[in-house]
Amino acid sequence: MFDKWDDRFMEMARLVSTWASCYKPDRKIGAVIVLDKRVMTTGYNGAPAGVKTCVERGECLRQKLGIASGTRHEVCYAVHAEQNAIIQAAKLGIRIDGATLYCTHQPCILCAKMIVNAGIRRVVYEEGYPDDFSREILAEGGVTVERYKRGE
């Protein structure tokens with residue numbers, strides 16, 4: 001099901017995730033947008049430019065407020081990895097229509113909407129996320145979604 005290119009780009013998404021500035025170690029997310037076997041952009045979750053990160057603040061706002069995973073996405077300093085990768089493409093004038101997005105985690109509903117509107121046609125992710133609505137939107141938007149498993 002997955003080929004050597006999928007393996008390489010997932011490995012790259014994992015590497016990019018190490019750059020994330022999220023305070024919680026299990027929430028470091030990386031994304032890579034690929035078109036025709038070429039990396040177009042990358043993204044990781046972190047605060048907007050010029051805004052203090054959670055690491056710099058020494059706490060996770062969501063954890064502090066007791067917000068459950070998969071809910072109230074707007075209450076967080078971070079821009080999601082998928083969003084940052086799409087924003088980077090827009091900022092730099094890079095075409096991503098028809099691309100594949102490799103991500104360490106399943107996209108949330110906010111990212112799913114952006115993925116559909118950006119014209120991304122395939123999402124490959126490794127870790128699950130409690131957001132069935134995002135999968136519905138991706139499917140209805142014509143995006144192929146595949147859960148990556150090493151060695152398959």
# chains A, B, ... in the order shown; residues from 1 in each chain; ligands from 1
call {"tool": "residues_around", "arguments": {"residues": "stretch 1-4 of chain A", "least_positions_apart": "3", "cutoff": "10 Å", "atoms": "only C-alpha atoms", "output": "JSON, numbers by chain"}}
result
{"A": [7, 8, 9, 10, 124, 146, 147, 148, 149, 150, 151, 152]}
call {"tool": "residues_around", "arguments": {"residues": "stretch 46-55 of chain A", "least_positions_apart": "6", "cutoff": "9 Å", "atoms": "only C-alpha atoms", "output": "list in words"}}
result
Trp19, Ala20, Ser21, Cys22, Tyr23, Lys24, Lys28, Leu61, Cys76, Tyr77, Ala78, Val79, His80, Ala81 and Asn84 of chain A
call {"tool": "closest_residue", "arguments": {"among": "A:Glu127, A:Asp132, A:Glu140, A:Glu56", "to": "A:Asp26", "atoms": "only C-alpha atoms"}}
result
A:Glu127
call {"tool": "atom_distance", "arguments": {"atom1": "atom CA of A:Arg95", "atom2": "atom CA of A:Leu35"}}
result
8.6 Å
call {"tool": "select_by_dssp", "arguments": {"residues": "chain A", "states": "strand (DSSP E)", "output": "number ranges by chain"}}
result
A: 30-35, 38-44, 100-105, 122-127, 144-147
call {"tool": "select_by_dssp", "arguments": {"residues": "chain A", "states": "helix (DSSP H, G or I)", "output": "ChimeraX atom specification"}}
result
/A:4-17,25-27,54-57,61-65,81-92,109-118,132-140
call {"tool": "write_last_selection", "arguments": {"atoms": "C-alpha atoms", "output": "mmCIF file, in the first residue's frame"}}
result
data_model
loop_
_atom_site.group_PDB
_atom_site.id
_atom_site.type_symbol
_atom_site.label_atom_id
_atom_site.label_comp_id
_atom_site.auth_asym_id
_atom_site.auth_seq_id
_atom_site.Cartn_x
_atom_site.Cartn_y
_atom_site.Cartn_z
ATOM 1 C CA LYS A 4 9.397 4.120 -0.411
ATOM 2 C CA TRP A 5 8.333 7.697 -1.178
ATOM 3 C CA ASP A 6 5.575 7.531 1.440
ATOM 4 C CA ASP A 7 8.136 6.187 3.914
ATOM 5 C CA ARG A 8 10.539 9.041 3.146
ATOM 6 C CA PHE A 9 7.942 11.789 3.404
ATOM 7 C CA MET A 10 6.488 10.389 6.654
ATOM 8 C CA GLU A 11 10.012 10.288 8.064
ATOM 9 C CA MET A 12 10.373 13.927 7.070
ATOM 10 C CA ALA A 13 7.052 14.825 8.764
ATOM 11 C CA ARG A 14 8.333 13.166 11.942
ATOM 12 C CA LEU A 15 11.539 15.225 11.736
ATOM 13 C CA VAL A 16 9.606 18.457 11.186
ATOM 14 C CA SER A 17 7.462 17.641 14.240
ATOM 15 C CA PRO A 25 5.515 16.284 24.159
ATOM 16 C CA ASP A 26 2.719 14.133 22.657
ATOM 17 C CA ARG A 27 1.306 17.110 20.729
ATOM 18 C CA CYS A 54 3.771 27.614 25.158
ATOM 19 C CA VAL A 55 7.315 26.412 25.815
ATOM 20 C CA GLU A 56 8.383 30.020 26.443
ATOM 21 C CA ARG A 57 5.330 30.497 28.678
ATOM 22 C CA LEU A 61 -3.066 26.912 27.990
ATOM 23 C CA ARG A 62 -5.426 24.083 27.027
ATOM 24 C CA GLN A 63 -4.119 21.864 29.825
ATOM 25 C CA LYS A 64 -4.352 24.736 32.305
ATOM 26 C CA LEU A 65 -8.009 25.324 31.355
ATOM 27 C CA ALA A 81 1.183 22.034 11.430
ATOM 28 C CA GLU A 82 -1.139 21.513 8.459
ATOM 29 C CA GLN A 83 -2.268 25.139 8.617
ATOM 30 C CA ASN A 84 1.330 26.381 8.746
ATOM 31 C CA ALA A 85 2.265 24.261 5.721
ATOM 32 C CA ILE A 86 -0.705 25.618 3.727
ATOM 33 C CA ILE A 87 -0.026 29.200 4.872
ATOM 34 C CA GLN A 88 3.616 28.872 3.875
ATOM 35 C CA ALA A 89 2.574 27.795 0.367
ATOM 36 C CA ALA A 90 0.227 30.775 0.065
ATOM 37 C CA LYS A 91 2.813 33.209 1.423
ATOM 38 C CA LEU A 92 5.488 31.982 -0.982
ATOM 39 C CA ILE A 109 -11.801 19.663 11.479
ATOM 40 C CA LEU A 110 -10.259 23.142 11.108
ATOM 41 C CA CYS A 111 -7.336 21.730 9.141
ATOM 42 C CA ALA A 112 -9.615 19.411 7.144
ATOM 43 C CA LYS A 113 -11.574 22.388 5.807
ATOM 44 C CA MET A 114 -8.355 24.140 4.780
ATOM 45 C CA ILE A 115 -7.008 20.957 3.168
ATOM 46 C CA VAL A 116 -10.140 20.601 1.029
ATOM 47 C CA ASN A 117 -10.110 24.263 -0.035
ATOM 48 C CA ALA A 118 -6.364 24.183 -0.784
ATOM 49 C CA ASP A 132 -14.649 11.896 13.110
ATOM 50 C CA PHE A 133 -16.172 15.052 11.627
ATOM 51 C CA SER A 134 -12.822 15.935 10.016
ATOM 52 C CA ARG A 135 -12.773 12.542 8.279
ATOM 53 C CA GLU A 136 -16.328 13.141 7.007
ATOM 54 C CA ILE A 137 -15.388 16.550 5.572
ATOM 55 C CA LEU A 138 -12.231 15.184 3.948
ATOM 56 C CA ALA A 139 -14.182 12.299 2.370
ATOM 57 C CA GLU A 140 -16.986 14.537 1.134
#
call {"tool": "atom_distance", "arguments": {"atom1": "atom CA of A:Val32", "atom2": "atom CA of A:Ala68"}}
result
26.4 Å
call {"tool": "atom_distance", "arguments": {"atom1": "atom CA of A:Thr42", "atom2": "atom CA of A:Gly66"}}
result
29.9 Å
call {"tool": "closest_residue", "arguments": {"among": "A:Cys108, A:Ile96, A:Met40, A:Ile33", "to": "A:Ser69", "atoms": "only C-alpha atoms"}}
result
A:Cys108
call {"tool": "closest_residue", "arguments": {"among": "A:Leu101, A:Thr71, A:Asp36, A:Gln106", "to": "A:Val123", "atoms": "only C-alpha atoms"}}
result
A:Leu101
